[in-house]
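my_file_13.txt (compact mmCIF, C-alpha atoms) appears below.
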```
# COMPACT_ATOMS: atom_id res chain seq x y z
CA MET A 23 114.11 112.24 99.18
CA ALA A 24 112.56 115.71 99.20
CA ALA A 25 114.55 118.63 97.92
CA GLY A 26 116.44 120.30 100.72
CA GLU A 27 115.83 117.40 103.10
CA GLU A 28 118.82 117.07 105.32
CA VAL A 29 120.62 113.78 105.55
CA LEU A 30 122.43 112.37 108.55
CA LEU A 31 125.78 110.76 108.14
CA PRO A 32 125.62 107.34 109.79
CA GLY A 33 127.74 107.33 112.90
CA GLU A 34 127.21 111.00 113.60
CA PRO A 35 124.13 111.05 115.81
CA GLY A 36 122.19 114.28 115.91
CA GLY A 37 124.33 115.84 113.28
CA ARG A 38 122.81 117.91 110.57
CA LEU A 39 124.57 117.59 107.32
CA SER A 40 123.49 118.54 103.91
CA ARG A 41 123.65 115.85 101.34
CA ASP A 42 127.25 116.08 100.28
CA THR A 43 130.17 114.04 99.20
CA SER A 44 131.04 112.88 102.76
CA MET A 45 127.89 110.75 102.91
CA ASP A 46 128.61 109.35 99.48
CA ASP A 47 132.22 108.70 100.51
CA THR A 48 131.10 106.61 103.48
CA GLU A 49 128.66 104.60 101.46
CA GLY A 50 131.14 104.24 98.66
CA ALA A 51 133.92 103.10 100.94
CA VAL A 52 131.76 100.57 102.75
CA ALA A 53 130.29 99.35 99.48
CA ASP A 54 133.78 98.81 98.12
CA LEU A 55 134.78 96.81 101.20
CA TYR A 56 131.54 94.85 100.92
CA ARG A 57 132.19 93.88 97.32
CA ARG A 58 135.78 92.86 98.07
CA THR A 59 135.24 90.88 101.24
CA CYS A 60 131.63 89.81 101.62
CA PRO A 61 131.79 86.57 99.61
CA GLN A 62 134.67 85.24 101.66
CA LEU A 63 133.01 86.43 104.85
CA VAL A 64 129.82 84.59 103.96
CA GLY A 65 131.85 81.47 103.19
CA LEU A 66 133.56 81.65 106.58
CA LEU A 67 130.30 82.28 108.42
CA THR A 68 128.60 79.43 106.61
CA SER A 69 131.38 77.07 107.65
CA ILE A 70 131.13 78.26 111.25
CA GLY A 71 127.36 78.44 111.49
CA GLY A 72 126.33 75.75 109.03
CA ASN A 73 123.65 77.84 107.39
CA ARG A 74 124.05 80.06 104.31
CA SER A 75 120.95 82.17 104.93
CA ASP A 76 121.99 83.05 108.45
CA ALA A 77 125.51 83.76 107.22
CA GLU A 78 124.26 86.26 104.65
CA GLU A 79 121.99 88.01 107.14
CA VAL A 80 124.68 88.22 109.77
CA ALA A 81 127.18 89.52 107.22
CA GLN A 82 124.76 92.20 106.06
CA ASP A 83 124.07 93.27 109.63
CA ALA A 84 127.79 93.55 110.24
CA PHE A 85 128.09 95.93 107.30
CA VAL A 86 125.14 97.93 108.62
CA ALA A 87 127.10 98.24 111.85
CA LEU A 88 130.11 99.30 109.81
CA LEU A 89 128.06 102.09 108.20
CA ARG A 90 127.17 103.30 111.69
CA ASN A 91 130.75 103.18 112.89
CA TRP A 92 132.67 104.03 109.72
CA GLU A 93 134.11 107.24 111.07
CA THR A 94 135.91 105.24 113.77
CA VAL A 95 136.58 101.97 111.97
CA SER A 96 137.96 103.64 108.86
CA GLY A 97 140.92 104.64 110.99
CA TYR A 98 141.67 101.06 112.00
CA ALA A 99 144.42 99.06 110.34
CA ASP A 100 141.98 96.32 109.37
CA PRO A 101 138.34 97.40 108.90
CA ALA A 102 137.60 94.05 107.28
CA GLY A 103 138.74 92.34 110.48
CA TRP A 104 136.38 94.54 112.47
CA VAL A 105 133.46 93.49 110.26
CA ARG A 106 134.47 89.86 110.53
CA GLY A 107 134.66 90.00 114.32
CA ALA A 108 131.28 91.67 114.56
CA ALA A 109 129.77 89.09 112.23
CA VAL A 110 131.24 86.06 113.99
CA ARG A 111 130.16 87.33 117.42
CA ALA A 112 126.66 87.97 116.08
CA LEU A 113 126.53 84.50 114.58
CA ILE A 114 127.57 82.91 117.87
CA SER A 115 124.89 84.88 119.71
CA ARG A 116 122.29 83.83 117.18
CA ARG A 117 123.24 80.16 117.47
CA ARG A 118 123.16 80.32 121.26
CA ARG A 119 119.65 81.71 121.17
CA ASP A 120 118.55 79.06 118.72
CA ALA A 121 120.08 76.23 120.70
CA VAL A 122 118.74 77.07 124.15
CA ALA A 123 115.30 77.83 122.77
CA ARG A 124 114.91 74.23 121.69
CA ARG A 125 112.52 72.57 124.03
CA GLY A 126 114.30 69.33 123.50
CA MET A 127 116.98 70.44 125.95
CA LEU A 128 114.92 69.25 128.86
CA ARG A 129 114.10 66.05 127.06
CA LEU A 130 117.81 65.51 126.54
CA ALA A 131 118.31 66.08 130.22
CA ALA A 132 115.78 63.39 130.93
CA ARG A 133 118.01 60.94 129.12
CA GLY A 134 120.85 61.80 131.44
CA GLY A 135 122.86 63.79 128.92
CA TYR A 136 123.02 67.35 127.67
CA ALA A 137 123.61 68.90 124.31
CA VAL A 138 127.09 67.43 124.19
CA ALA A 139 127.91 65.61 120.99
CA HIS A 140 131.07 63.57 120.82
CA PRO A 141 132.39 62.62 117.41
CA GLY A 142 132.79 59.01 118.45
CA ALA A 143 134.71 56.39 116.67
CA GLY A 144 132.36 56.56 113.70
CA ALA A 145 133.15 60.11 112.57
CA VAL A 146 134.26 59.70 108.98
CA ASP A 147 134.15 63.13 107.39
CA LEU A 148 134.69 66.76 108.19
CA GLU A 149 131.03 67.76 108.12
CA ARG A 150 130.15 65.17 110.71
CA ALA A 151 133.11 66.16 112.85
CA LEU A 152 132.21 69.85 112.62
CA SER A 153 128.56 69.17 113.40
CA SER A 154 129.67 67.69 116.71
CA LEU A 155 131.12 71.04 117.75
CA SER A 156 129.38 74.09 119.08
CA VAL A 157 129.42 77.28 117.06
CA GLU A 158 131.93 78.71 119.52
CA HIS A 159 134.31 75.82 118.89
CA ARG A 160 133.93 76.06 115.13
CA ALA A 161 134.55 79.79 115.25
CA VAL A 162 137.94 79.47 116.96
CA LEU A 163 138.87 76.58 114.68
CA PHE A 164 138.23 78.50 111.47
CA LEU A 165 139.60 81.82 112.65
CA HIS A 166 142.83 80.18 113.77
CA HIS A 167 143.37 77.66 110.97
CA VAL A 168 141.74 79.34 107.98
CA LEU A 169 142.55 82.99 108.65
CA ASP A 170 145.80 82.18 110.41
CA LEU A 171 144.97 84.39 113.36
CA PRO A 172 147.11 83.73 116.43
CA VAL A 173 145.27 82.73 119.57
CA HIS A 174 145.38 86.15 121.18
CA GLU A 175 143.87 87.76 118.07
CA VAL A 176 141.12 85.16 117.98
CA ALA A 177 140.42 85.96 121.61
CA ALA A 178 140.30 89.70 120.90
CA GLU A 179 138.05 89.28 117.90
CA LEU A 180 135.58 87.11 119.78
CA GLY A 181 135.79 88.97 123.06
CA THR A 182 136.74 85.70 124.76
CA PRO A 183 139.58 85.00 127.21
CA VAL A 184 142.73 83.51 125.72
CA GLY A 185 142.44 80.47 127.96
CA THR A 186 138.93 79.78 126.71
CA VAL A 187 140.09 80.06 123.11
CA LYS A 188 142.90 77.60 123.77
CA SER A 189 140.64 75.05 125.41
CA ARG A 190 138.02 75.34 122.68
CA LEU A 191 140.68 75.06 120.02
CA ALA A 192 142.05 71.92 121.63
CA ARG A 193 138.65 70.32 121.77
CA ALA A 194 137.80 71.32 118.21
CA ARG A 195 141.07 69.97 116.89
CA ALA A 196 140.50 66.75 118.81
CA ALA A 197 137.15 66.40 117.08
CA VAL A 198 138.69 66.58 113.60
CA ALA A 199 141.92 64.78 114.48
CA PRO A 200 140.71 61.40 113.22
CA LEU A 201 140.49 62.88 109.75
CA LEU A 202 144.02 64.03 109.37
CA HIS A 203 147.54 64.13 110.61
CA GLU A 204 148.29 67.38 112.46
CA THR A 205 151.67 68.72 111.39
CA GLU A 206 151.93 71.93 113.39
CA GLY A 207 151.08 73.16 116.85
CA THR A 208 149.01 76.11 118.01
CA ARG A 209 150.29 79.45 116.81
CA ASP A 210 150.73 81.88 119.67
CA HIS A 211 153.02 84.34 118.03
CA ALA A 212 152.02 87.98 117.96
CA MET B 270 147.96 62.82 105.30
CA ARG B 271 145.83 65.94 105.13
CA ASP B 272 146.77 69.21 106.77
CA LEU B 273 144.15 70.75 109.02
CA ASP B 274 144.60 74.22 107.57
CA GLN B 275 144.15 72.92 104.07
CA LEU B 276 141.08 70.89 105.01
CA LEU B 277 139.34 73.78 106.70
CA ARG B 278 140.29 76.31 104.00
CA GLN B 279 138.82 74.04 101.37
CA HIS B 280 135.66 73.76 103.46
CA ALA B 281 135.38 77.54 103.71
CA ASP B 282 136.15 77.94 100.01
CA ASP B 283 133.45 75.44 99.13
CA ASN B 284 131.01 77.56 101.13
CA THR B 285 132.08 80.84 99.50
CA PRO B 286 129.35 82.03 97.14
CA GLY B 287 130.14 83.15 93.63
CA GLU B 288 128.17 86.30 94.28
CA VAL B 289 126.42 88.05 97.14
CA PRO B 290 123.38 90.34 97.14
CA ASP B 291 123.95 93.87 95.92
CA PHE B 292 125.16 96.37 98.53
CA GLY B 293 121.75 97.99 98.29
CA ILE B 294 120.41 95.31 100.58
CA VAL B 295 122.74 96.57 103.32
CA LEU B 296 121.43 100.09 102.85
CA GLU B 297 117.87 98.79 103.01
CA ARG B 298 118.60 96.92 106.27
CA ALA B 299 120.15 100.08 107.66
CA ARG B 300 117.10 102.09 106.69
CA ARG B 301 114.71 99.58 108.22
CA GLU B 302 116.75 99.47 111.41
CA GLU B 303 116.67 103.25 111.58
CA ALA B 304 112.92 103.25 111.16
CA GLY B 305 112.42 100.49 113.74
CA LEU B 306 111.03 98.11 111.16
CA PRO B 307 111.66 94.39 111.17
CA HIS B 308 114.14 92.98 108.73
CA ALA B 309 112.75 90.93 105.89
CA HIS B 310 113.90 87.39 106.62
CA GLY B 311 116.25 85.81 104.19
CA GLY B 312 119.53 87.31 103.19
CA ARG B 313 118.80 87.98 99.55
CA GLY B 314 115.91 90.45 99.75
CA GLY B 315 114.43 91.71 96.54
CA ALA B 316 115.70 93.79 93.71
CA SER B 317 118.64 96.08 94.11
CA HIS B 318 117.99 99.16 96.16
CA ARG B 319 121.10 101.08 95.31
CA GLU B 320 118.98 103.75 93.69
CA ALA B 321 117.09 104.29 97.00
CA GLY B 322 119.75 106.65 98.26
CA PRO B 323 121.37 107.17 101.63
CA VAL B 324 119.85 106.60 105.02
CA THR B 325 117.46 109.31 106.19
CA THR B 326 115.59 109.52 109.46
CA ALA B 327 111.89 109.08 109.74
CA ARG B 328 111.65 110.78 113.12
CA GLY B 329 113.44 113.94 114.12
CA ARG B 330 117.15 114.30 113.76
CA ARG B 331 118.34 111.04 115.27
CA GLY B 332 120.91 108.93 113.48
CA LEU B 333 121.32 105.21 113.77
CA LEU B 334 123.53 105.45 116.82
CA VAL B 335 121.34 107.86 118.75
CA ALA B 336 118.22 105.87 117.99
CA ALA B 337 119.86 102.79 119.46
CA ALA B 338 121.15 104.68 122.46
CA ALA B 339 117.73 106.15 123.17
CA GLY B 340 116.41 102.62 123.41
CA ALA B 341 114.09 102.76 120.40
CA VAL B 342 112.26 99.50 120.09
CA THR B 343 113.17 97.32 117.15
CA VAL B 344 111.78 93.92 116.44
CA GLY B 345 113.98 91.39 118.13
CA GLY B 346 115.86 94.20 119.88
CA TRP B 347 118.01 93.44 122.87
CA GLY B 348 117.66 94.69 126.39
CA ALA B 349 114.47 94.75 128.44
CA ALA B 350 112.43 95.60 125.38
CA TRP B 351 109.13 95.50 127.23
CA LEU B 352 110.32 98.46 129.26
CA LEU B 353 111.29 100.55 126.28
CA ALA B 354 109.60 103.21 124.23
CA ASP B 355 106.05 102.82 123.09
CA ASP B 356 104.75 104.22 119.84
CA THR B 357 105.03 107.78 121.12
CA GLY B 358 108.76 107.36 121.58
CA GLU B 359 108.46 108.46 125.17
CA SER B 360 111.16 107.44 127.58
CA PRO B 361 110.47 104.25 129.50
CA VAL B 362 109.23 104.33 133.06
CA ALA B 363 110.59 101.59 135.25
CA ARG B 364 108.16 99.86 137.60
CA PRO B 365 109.21 98.80 141.07
CA PRO B 366 109.60 95.02 141.28
CA VAL B 367 106.39 93.27 142.26
CA GLU B 368 106.56 90.88 145.20
CA ARG B 369 105.76 87.35 144.12
CA SER B 370 106.38 83.83 145.38
CA GLY B 371 106.66 80.30 144.08
CA PRO B 372 108.03 78.97 140.78
CA LEU B 373 108.94 81.40 138.05
CA PRO B 374 106.22 81.37 135.39
CA GLU B 375 107.37 80.46 131.91
CA GLY B 376 104.23 80.86 129.85
CA GLY B 377 104.23 77.22 128.93
CA ALA B 378 107.59 77.49 127.18
CA ALA B 379 109.10 74.31 128.62
CA SER B 380 108.16 70.67 128.92
CA CYS B 381 109.41 69.45 132.28
CA ALA B 382 111.53 66.37 132.54
CA PHE B 383 112.13 66.52 136.31
CA GLU B 384 110.01 67.24 139.31
CA PRO B 385 111.44 70.01 141.49
CA THR B 386 111.94 67.77 144.50
CA GLU B 387 114.66 68.45 147.05
CA GLU B 388 116.50 65.39 145.76
CA ASN B 389 116.49 66.70 142.19
CA LEU B 390 117.34 70.22 143.33
CA ALA B 391 120.39 68.97 145.20
CA ARG B 392 121.72 67.50 141.95
CA ARG B 393 121.87 70.82 140.13
CA ALA B 394 125.32 71.97 139.08
CA PHE B 395 124.81 75.53 140.25
CA ALA B 396 122.39 77.33 142.51
CA PHE B 397 122.34 80.80 143.98
CA ASP B 398 120.26 83.53 145.52
CA GLY B 399 120.51 86.58 143.28
CA THR B 400 118.92 89.78 142.05
CA VAL B 401 118.39 90.48 138.37
CA ALA B 402 120.81 93.20 137.29
CA ALA B 403 120.28 93.13 133.53
CA ILE B 404 118.34 91.26 130.91
CA ASP B 405 119.60 90.93 127.35
CA GLY B 406 117.83 89.03 124.66
CA PRO B 407 114.45 88.63 123.05
CA ALA B 408 111.49 90.72 124.13
CA ALA B 409 109.10 89.43 126.74
CA VAL B 410 106.80 86.57 125.84
CA ALA B 411 103.44 88.22 125.99
CA ASP B 412 101.35 85.28 124.92
CA GLU B 413 101.54 81.70 126.05
CA GLY B 414 103.06 79.50 123.45
CA ASP B 415 105.32 82.14 121.99
CA ASP B 416 108.89 80.95 121.79
CA LEU B 417 111.39 83.69 121.25
CA GLY B 418 114.46 82.00 122.64
CA TYR B 419 116.26 82.41 125.88
CA ALA B 420 117.43 85.66 127.44
CA GLN B 421 120.86 86.32 128.93
CA VAL B 422 120.20 87.43 132.48
CA THR B 423 122.87 88.99 134.68
CA PHE B 424 122.48 88.46 138.40
CA ASP B 425 124.05 90.17 141.37
CA VAL B 426 124.59 87.14 143.57
CA VAL B 427 123.54 87.41 147.19
CA GLU B 428 124.62 83.90 148.11
CA TRP B 429 126.00 80.92 146.24
CA TYR B 430 124.68 77.54 147.27
CA VAL B 431 126.81 75.60 144.81
CA GLY B 432 128.77 76.01 141.62
CA GLY B 433 130.28 79.48 141.79
CA ASP B 434 131.69 82.31 143.83
CA ASP B 435 131.61 85.44 141.66
CA ARG B 436 129.59 88.48 142.61
CA GLN B 437 127.86 88.44 139.25
CA VAL B 438 126.83 85.65 136.95
CA VAL B 439 125.15 85.51 133.54
CA VAL B 440 122.56 82.79 133.09
CA GLN B 441 120.41 81.91 130.09
CA MET B 442 116.75 81.77 130.98
CA THR B 443 113.31 81.80 129.45
CA PRO B 444 112.55 85.48 128.74
CA PRO B 445 110.23 87.33 131.09
CA VAL B 446 106.64 86.27 130.63
CA GLY B 447 103.92 88.89 130.64
CA LEU B 448 101.59 88.06 133.51
CA SER B 449 98.77 89.63 131.61
CA THR B 450 98.24 90.09 127.91
CA ASP B 451 99.48 93.64 128.36
CA VAL B 452 103.01 93.67 129.65
CA THR B 453 102.60 97.29 130.67
CA ALA B 454 99.77 96.40 133.02
CA GLU B 455 100.25 96.29 136.75
CA GLY B 456 100.95 92.57 136.73
CA GLY B 457 104.08 93.28 134.75
CA PRO B 458 106.56 90.69 133.54
CA SER B 459 107.45 87.55 135.47
CA TYR B 460 110.83 89.02 136.33
CA GLU B 461 112.68 92.25 135.70
CA VAL B 462 115.69 94.18 136.90
CA GLY B 463 115.52 94.07 140.67
CA THR B 464 113.65 90.78 140.96
CA ARG B 465 115.20 88.46 143.50
CA LEU B 466 115.22 84.81 142.56
CA LEU B 467 116.57 81.49 143.71
CA VAL B 468 118.13 80.07 140.55
CA SER B 469 119.41 76.58 139.83
CA GLY B 470 120.48 74.92 136.62
CA GLU B 471 123.14 73.25 134.56
CA PRO B 472 125.95 74.06 132.15
CA ARG B 473 124.62 73.80 128.65
CA TRP B 474 127.24 71.40 127.40
CA GLY B 475 127.82 69.47 130.59
CA GLY B 476 131.38 69.01 131.74
CA ASP B 477 133.24 70.05 134.86
CA ASP B 478 132.52 73.79 134.79
CA PRO B 479 129.09 74.33 136.37
CA LEU B 480 128.75 77.76 134.81
CA ALA B 481 129.92 77.10 131.25
CA ASP B 482 127.07 78.52 129.17
CA ALA B 483 124.90 78.27 132.25
CA VAL B 484 121.19 77.64 131.73
CA GLY B 485 118.76 78.44 134.55
CA TRP B 486 116.18 75.72 134.73
CA GLY B 487 112.47 76.43 134.90
CA CYS B 488 109.94 73.87 135.99
CA GLY B 489 110.24 74.92 139.61
CA PHE B 490 114.02 74.88 139.77
CA THR B 491 114.05 78.67 139.63
CA VAL B 492 111.69 80.35 142.06
CA TYR B 493 110.96 83.74 143.54
CA TRP B 494 112.97 84.40 146.67
CA ASP B 495 111.35 84.19 150.03
CA ALA B 496 113.02 83.62 153.36
CA GLN B 497 111.60 80.18 153.99
CA THR B 498 112.44 78.81 150.54
CA ALA B 499 115.93 80.30 150.76
CA GLN B 500 116.40 78.51 154.06
CA THR B 501 115.26 75.26 152.47
CA TRP B 502 117.69 75.69 149.58
CA GLY B 503 120.49 76.33 152.04
CA ARG B 504 119.71 73.08 153.81
CA VAL B 505 119.34 71.10 150.58
CA PHE B 506 122.72 72.16 149.24
CA ASP B 507 124.50 71.94 152.57
CA GLY B 508 123.24 68.42 153.09
```

Entire entry expressed as structure tokens:
Amino acid sequence: MAAGEEVLLPGEPGGRLSRDTSMDDTEGAVADLYRRTCPQLVGLLTSIGGNRSDAEEVAQDAFVALLRNWETVSGYADPAGWVRGAAVRALISRRRRDAVARRGMLRLAARGGYAVAHPGAGAVDLERALSSLSVEHRAVLFLHHVLDLPVHEVAAELGTPVGTVKSRLARARAAVAPLLHETEGTRDHA
Amino acid sequence: MRDLDQLLRQHADDNTPGEVPDFGIVLERARREEAGLPHAHGGRGGASHREAGPVTTARGRRGLLVAAAAGAVTVGGWGAAWLLADDTGESPVARPPVERSGPLPEGGAASCAFEPTEENLARRAFAFDGTVAAIDGPAAVADEGDDLGYAQVTFDVVEWYVGGDDRQVVVQMTPPVGLSTDVTAEGGPSYEVGTRLLVSGEPRWGGDDPLADAVGWGCGFTVYWDAQTAQTWGRVFDG
């Protein structure tokens, strides 16, 4: 960077700031959050999306978004939750694009069925059960059961109606039900 | 008996990496996004870039947020990217919709399993007469054979034939196809904001909700609106 070149603080469009500690504070704060939370975020995204490479890219993009919006998000109670929501939504969008781009959709239609996969009586392990679910279903399953988010918080994080979350959660839990004995119901508490 | 929480937490833990790429890769992605450059595919990138310093602009005094708001073109950017800024960064100029008729061109993106007969049309889970209000998703397919994935197209519905009753609906469709090799030429894209279409299709996952992750079918099941075809569709779905 040339001497005297002015630097913009991400999230402050059009602003002219000299290179000062506020820029370093933003980067430093986001970097700290990244180091503390990114591994777990990547693990969650990999479980939801089924692909480590996509999970890492989506996680990185979410932190880029956090750099842009740090001035606002830093005031939130849970900036890590903001990053997670952004990442999960981005992963769902990416999977939707990938799925509908497959030309085999029309060939599936020719066989009288669509991209619906039922676990069937033969599902014998979690991976197979999860692979039968869409990314949207896996997202609500992991956010609710792994992160212990109540349904309304899952809905807020994904930008999805509560009713949709409930129905997807029911279907996802039905898909994995053969593998376990469910001991508790859906958590709806605030 | 295994608990669901425990099972899923173990699955997520098993997928948690021991380490992730250095934060410098995030700064590099931010810088590339700012400059309108494509991301290098693959999450790991190269060597650490922490020493590269903070994000600076390559053009003027625009930050990340302003660049996005101004509609700067990025590779894989969302929105009607073929309408957005060219290399000069000039503001886009919208073209008036071009009058066309017949099936919506798809640039060879789909292999067709069904003929668009009236019998097959009548079986579609949803169908409507609508005007494109917004297009979100991959840029236009400029060359036949390109496959950039489906776009999310919002329609203002003029009339529902079957499957819905809302004033707006979002449908996944093949992105607009450039009707010449230059999408800025007079031929323009196959559809754009303002294009009126007759759209039919299916919910992506099947089931009872016709519009759950709705996919607009090509292969003649989505056509440009004209009065006669609209009348035919009305008869097909009323019958």

With only C-alpha atoms as the basis for distance, which of A:Arg118, A:Cys60, A:Asp47, A:Gly97 is at the shortest distance from Gly406 in chain B?
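Closest residue, counting only C-alpha atoms: A:Arg118.
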
Which is closest to Gln421 in chain B among B:Leu277, B:Val439, B:Leu296, B:Ala304, if we use only C-alpha atoms?
B:Val439

Considering only C-alpha atoms, state which residue in the set A:Val52, A:Val110, A:Leu171, A:Val86 is at the smallest distance from chain B.
A:Val86

With all atoms listed in the file as the atoms that count, which of A:His159, A:His167, A:Arg150, A:Arg117 lies nearest to chain B?
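Once distances to chain B are computed over all atoms listed in the file, the minimum belongs to A:His167.
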
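For the residues A:Ile70, A:Asp100, A:Leu88, A:Gln82, ranking by smallest atom-to-atom distance to Leu163 in chain A using all atoms listed in the file places A:Ile70 first.
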
Return the single residue from A:Thr94, A:Ala77, A:Leu202, A:Arg193 that is closest to chain B, with distances computed using only C-alpha atoms.
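Using only C-alpha atoms, chain B sits closest to A:Leu202.
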
Between CA of Asp272 in chain B and CA of Ala109 in chain A, distance in Å (one decimal)
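Here the two named atoms are 26.7 Å from each other.
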
Nearby residues (all atoms listed in the file) at most 10 Å from Arg116 in chain A, same-chain spacing under 2 positions excluded, as a ChimeraX atom specification
/A:71,76,80,110-114,118-121,157 /B:418

Interatomic distance (Å, one decimal) between CA of Gln441 in chain B and CA of Asp482 in chain B
7.5 Å

Could you add N, CA, C and O atoms to range 156-170 of chain A and give me the result as a PDB file, in the frame of the given file?
```pdb
ATOM      1  N   SER A 156     130.225  72.918 118.945  1.00  0.00           N
ATOM      2  CA  SER A 156     129.380  74.090 119.080  1.00  0.00           C
ATOM      3  C   SER A 156     129.869  75.189 118.134  1.00  0.00           C
ATOM      4  O   SER A 156     130.980  75.136 117.615  1.00  0.00           O
ATOM      5  N   VAL A 157     129.025  76.186 117.944  1.00  0.00           N
ATOM      6  CA  VAL A 157     129.420  77.280 117.060  1.00  0.00           C
ATOM      7  C   VAL A 157     130.647  78.000 117.605  1.00  0.00           C
ATOM      8  O   VAL A 157     131.496  78.474 116.828  1.00  0.00           O
ATOM      9  N   GLU A 158     130.753  78.055 118.936  1.00  0.00           N
ATOM     10  CA  GLU A 158     131.930  78.710 119.520  1.00  0.00           C
ATOM     11  C   GLU A 158     133.205  77.955 119.170  1.00  0.00           C
ATOM     12  O   GLU A 158     134.243  78.559 118.877  1.00  0.00           O
ATOM     13  N   HIS A 159     133.142  76.635 119.225  1.00  0.00           N
ATOM     14  CA  HIS A 159     134.310  75.820 118.890  1.00  0.00           C
ATOM     15  C   HIS A 159     134.671  75.946 117.422  1.00  0.00           C
ATOM     16  O   HIS A 159     135.838  76.022 117.049  1.00  0.00           O
ATOM     17  N   ARG A 160     133.645  75.929 116.562  1.00  0.00           N
ATOM     18  CA  ARG A 160     133.930  76.060 115.130  1.00  0.00           C
ATOM     19  C   ARG A 160     134.515  77.427 114.818  1.00  0.00           C
ATOM     20  O   ARG A 160     135.383  77.567 113.959  1.00  0.00           O
ATOM     21  N   ALA A 161     134.049  78.443 115.514  1.00  0.00           N
ATOM     22  CA  ALA A 161     134.550  79.790 115.250  1.00  0.00           C
ATOM     23  C   ALA A 161     136.048  79.866 115.516  1.00  0.00           C
ATOM     24  O   ALA A 161     136.815  80.371 114.690  1.00  0.00           O
ATOM     25  N   VAL A 162     136.507  79.373 116.662  1.00  0.00           N
ATOM     26  CA  VAL A 162     137.940  79.470 116.960  1.00  0.00           C
ATOM     27  C   VAL A 162     138.732  78.599 115.997  1.00  0.00           C
ATOM     28  O   VAL A 162     139.842  78.961 115.580  1.00  0.00           O
ATOM     29  N   LEU A 163     138.167  77.477 115.595  1.00  0.00           N
ATOM     30  CA  LEU A 163     138.870  76.580 114.680  1.00  0.00           C
ATOM     31  C   LEU A 163     139.119  77.265 113.337  1.00  0.00           C
ATOM     32  O   LEU A 163     140.233  77.248 112.800  1.00  0.00           O
ATOM     33  N   PHE A 164     138.083  77.887 112.789  1.00  0.00           N
ATOM     34  CA  PHE A 164     138.230  78.500 111.470  1.00  0.00           C
ATOM     35  C   PHE A 164     139.034  79.795 111.530  1.00  0.00           C
ATOM     36  O   PHE A 164     139.841  80.072 110.650  1.00  0.00           O
ATOM     37  N   LEU A 165     138.843  80.578 112.558  1.00  0.00           N
ATOM     38  CA  LEU A 165     139.600  81.820 112.650  1.00  0.00           C
ATOM     39  C   LEU A 165     141.097  81.532 112.791  1.00  0.00           C
ATOM     40  O   LEU A 165     141.938  82.226 112.222  1.00  0.00           O
ATOM     41  N   HIS A 166     141.429  80.487 113.544  1.00  0.00           N
ATOM     42  CA  HIS A 166     142.830  80.180 113.770  1.00  0.00           C
ATOM     43  C   HIS A 166     143.448  79.474 112.559  1.00  0.00           C
ATOM     44  O   HIS A 166     144.539  79.835 112.115  1.00  0.00           O
ATOM     45  N   HIS A 167     142.764  78.494 112.014  1.00  0.00           N
ATOM     46  CA  HIS A 167     143.370  77.660 110.970  1.00  0.00           C
ATOM     47  C   HIS A 167     143.113  78.176 109.565  1.00  0.00           C
ATOM     48  O   HIS A 167     143.901  77.902 108.666  1.00  0.00           O
ATOM     49  N   VAL A 168     142.013  78.864 109.332  1.00  0.00           N
ATOM     50  CA  VAL A 168     141.740  79.340 107.980  1.00  0.00           C
ATOM     51  C   VAL A 168     142.275  80.752 107.778  1.00  0.00           C
ATOM     52  O   VAL A 168     142.882  81.064 106.764  1.00  0.00           O
ATOM     53  N   LEU A 169     142.071  81.608 108.764  1.00  0.00           N
ATOM     54  CA  LEU A 169     142.550  82.990 108.650  1.00  0.00           C
ATOM     55  C   LEU A 169     143.918  83.183 109.271  1.00  0.00           C
ATOM     56  O   LEU A 169     144.477  84.275 109.204  1.00  0.00           O
ATOM     57  N   ASP A 170     144.441  82.120 109.869  1.00  0.00           N
ATOM     58  CA  ASP A 170     145.800  82.180 110.410  1.00  0.00           C
ATOM     59  C   ASP A 170     145.943  83.220 111.502  1.00  0.00           C
ATOM     60  O   ASP A 170     147.021  83.820 111.683  1.00  0.00           O
TER      61      ASP A 170
END
```
